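Asks: Can you read through this structure? Questions will come right after.
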Amino acid sequence: MDFLPIFLNIRKQPCLIVGGGEVAARKVVLLLKAAARIRVVAPRITQELELLKEHGKIEHLAREYQEEDLADCRLVIAATDDPAVNRTVSEHADRRHIPVNVVDQPALCSFIVPSIIDRSPVVAAVSTSGASPVLARLIRTRLETLIPAGYGRLAELARRYREQVKQRFRKPSDRRLFWENVLSSGIAERVFSGHMEEADAAMQRALEENSPDTIMGEVYLVGGGPGDPDLLSFRALRLMQQADVVVYDRLVAKPILEMTRRDAERIYVGKERDHHAMRQEEINQLLVRLAKEGKRVVRLKGGDPFIFGRGGEEIDTLSSESVPFQVVPAVTAASGCAAYAGIPLTHRDYAQSVTFVTGHLKDGSMNLNWNQLAQPNQTVVFYMGLLGLPVICRELIAHGVSPEMPVALVQQGTTENQRVFTGTLSNIQEIVEREKPKPPTLIIVGKVVELQEKLSWYKAPKEPRSGATSPAQ
């Protein structure tokens with residue numbers, strides 16, 4: 001190692017920043033997070049530093065650096081644009097045995113500032129010993145996706161129970177095993193989701209029973225988005241990779257399903273028109289049973305679970321059965337498919353509102369509020385409406401919408417198989433009969449569709465099927 005990785009306690013300690021530019025300002029902000037007492041020496045300082053000075057956050061000496069500025073300092077950072085000044089600061093600090101950092105000059109540093117993942121009190125640091133700060137930032141970015149923001153709360157919980165655990169388990173090996181089990185159990189997920197009271201109750205049970213709370217599992221209702229795995233949230237990916245069981249739908253894209261834990265049990269509960277692998281009531285009870293067996297269950301749905309995904313029905317059952325659960329929202333099909341097709345759902349010149357509507361109701365009918373859907377200056381998005389497209393076109397025209405109103409069909413939006421067809425209410429059915437799009441296909445009705453050809457940006461990574469009528473394939 002070129003540098004020993006350590007964490008310094010500089011709370012209320014005098015620290016010196018030499019320089020008053022943007023780089024110096026970034027270092028000041030960093031030291032303030034560690035509650036340091038900061039003195040800035042520079043003839044001029046940025047507006048940001050002026051504001052910190054006005055609020056009493058820093059002291060500013062408006063002059064050139066002098067060696068006497070190092071008196072009583074615990075740490076020094078040189079961040080000027082003058083190499084000679086930076087070198088002088090380094091030499092003076094080294095002579096006084098004060099830790100010194102010269103920005104972007106590792107040879108003049110006794111310590112370097114790493115890329116930081118801050119989940120206080122959990123802090124992780126990444127360094128390349130000054131060889132490539134950009135690489136360190138890239139590594140930090142990857143780590144950010146793996147360390148939930150709730151890890152700080154988890155560390156606080158561990159700190160609160162540390163003494164109790166020490167009294168309960170006298171042997172260090174027993175304490176280590178206990179904490180390993182607790183921190184990888186459902187207790188951690190309760191903390192991450194903000195259910196601190198439940199986490200505290202589970203910790204108390206774990207202490208009483210000499211084991212973490214494994215009697216009850218948890219259900220994660222996760223939205224898989226419209227199909228592109230890159231649109232998954234960090235939380236969704238983390239929960240998918242730690243679940244014991246994956247209960248998934250027909251609309252979950254295969255690449256997303258493959259991102260779940262390899263050894264997890266997979267249960268298919270997909271529903272198609274007139275054919276259900278499992279009725280909704282059975283799915284609800286399945287989730288309850290698996291959780292009560294102590295399993296961590298991901299209920300993986302295409303799109304967003306709370307937009308035509310029947311997620312509300314599932315968590316209603318879980319709540320009634322006192323099963324812990326989390327809901328992870330996702331990019332819903334309407335926003336995802338429209339964005340990848342180059343169709344803004346709202347635009348001040350075309351549509352000031354947008355309505356999401358299902359193409360069929362619970363009893364299979366299409367008894368919709370057609371008067372509302374026929375209002376001008378709006379965009380209407382129909383989910384699961386391909387089979388009912390003739391009825392949609394007929395009823396909208398009958399309720400006053402122009403037969404020339406633009407319509408777009410987006411098949412398998414955001415995926416490599418995306419196809420986009422555009423037409424009007426009067427001719428879109430002819431396009432369907434010719435091109436034969438298949439579910440899942442989203443229907444977008446509104447003047448914003450006129451922008452599709454101009455704003456199309458997404459290009460599928462493989463050759464699309466022939467016959468589509470839009471460059472957005």
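Note on naming: chains are A, B, ... as they come in the structure tokens, residues start from 1 per chain, ligands start from 1 in the order shown.
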List as a list in words the protein and nucleic acid residues near A:Val126, meaning an atom at most 9 Å away when only C-alpha atoms are counted, but skip any in the same chain fewer than 2 places from it.

Replies: Pro114, Ser115, Ile116, Ile117, Ala124, Thr128, Ala136, Arg137, Ile139 and Arg140 of chain A

Asks: Take the residues just selected and output them with C-alpha atoms as a tab-separated table (two decimals), in the first residue's frame.

Replies:
```tsv
chain	number	residue	atom	x	y	z
A	114	PRO	CA	-10.52	9.34	-1.18
A	115	SER	CA	-13.83	9.03	-2.99
A	116	ILE	CA	-16.40	8.65	-0.23
A	117	ILE	CA	-19.64	6.71	0.15
A	124	ALA	CA	-16.65	3.73	2.92
A	128	THR	CA	-6.19	4.63	-6.10
A	136	ALA	CA	-11.84	5.92	-7.80
A	137	ARG	CA	-15.02	7.88	-8.50
A	139	ILE	CA	-15.66	2.52	-8.34
A	140	ARG	CA	-17.47	4.64	-5.78
```

Asks: Using only C-alpha atoms, can you tell me which of A:Ser322, A:Thr332, A:Pro390, A:Ser173 comes closest to A:Glu433?

Replies: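 Using only C-alpha atoms, A:Glu433 sits closest to A:Pro390.
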
Asks: So that each row is one residue of stretch 160-237 of chain A with an atom at most 10 Å from stretch 243-248 of chain A, can you give its shortest atom pair and the distance in Å to one decimal, using only C-alpha atoms, rows by chain and rising number, as a tab-separated table?

Replies:
```
residue	atom	partner	partner_atom	distance
A:Gly217	CA	A:Asp244	CA	9.8
A:Glu218	CA	A:Ala243	CA	9.3
A:Val219	CA	A:Ala243	CA	8.9
A:Tyr220	CA	A:Ala243	CA	8.5
A:Leu221	CA	A:Val247	CA	9.6
A:Val222	CA	A:Tyr248	CA	9.7
A:Gly224	CA	A:Tyr248	CA	9.6
```

Asks: Would you save the residues from that selection as a compact mmCIF listing (two decimals), in the first residue's frame, using N, CA and C atoms?

Replies:
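Okay, this is what ended up in again33.txt:
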```txt
# COMPACT_ATOMS: atom_id res chain seq x y z
N GLY A 217 -41.04 -14.14 7.54
CA GLY A 217 -40.27 -13.58 6.44
C GLY A 217 -40.81 -12.22 6.05
N GLU A 218 -40.66 -11.85 4.80
CA GLU A 218 -41.10 -10.55 4.32
C GLU A 218 -41.38 -10.65 2.83
N VAL A 219 -42.31 -9.81 2.35
CA VAL A 219 -42.65 -9.78 0.93
C VAL A 219 -42.22 -8.44 0.35
N TYR A 220 -41.52 -8.49 -0.78
CA TYR A 220 -41.10 -7.29 -1.48
C TYR A 220 -41.90 -7.18 -2.77
N LEU A 221 -42.81 -6.23 -2.83
CA LEU A 221 -43.61 -6.01 -4.04
C LEU A 221 -42.81 -5.08 -4.95
N VAL A 222 -42.18 -5.67 -5.96
CA VAL A 222 -41.18 -4.96 -6.77
C VAL A 222 -41.69 -4.74 -8.19
N GLY A 224 -40.91 -4.24 -11.95
CA GLY A 224 -39.82 -4.55 -12.86
C GLY A 224 -39.69 -3.57 -14.01
```

Asks: Rank A:Val18, A:Ala333, A:Leu425, A:Leu157 by their smallest atom-to-atom distance to A:Val100, using only C-alpha atoms, and report the top residue only.

Replies: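 For A:Val100, the nearest of the given residues is A:Val18.
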
Asks: Neighbouring residues of stretch 20-28 of chain A were defined as those with any atom within 10 Å, considering only C-alpha atoms; residues of the same chain fewer than 2 positions away were excluded. Please report them as a count of residues only.

Replies: 35

Asks: Given only C-alpha atoms as the basis, pick out the residue of A:Ser193, A:Ala125, A:Gly413, A:Arg95 nearest to A:Phe7.

Replies: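 With only C-alpha atoms as the atom set, the closest residue is A:Ala125.
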
Asks: So that I can see what lies close to A:Gly423, please list as a list of chain:residue names the residues with an atom at most 6 Å from it, counting only C-alpha atoms and leaving out residues fewer than 5 positions away in the same chain.

Replies: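 Counting only C-alpha atoms, the residues come to A:Pro406, A:Val407, A:Ile428.
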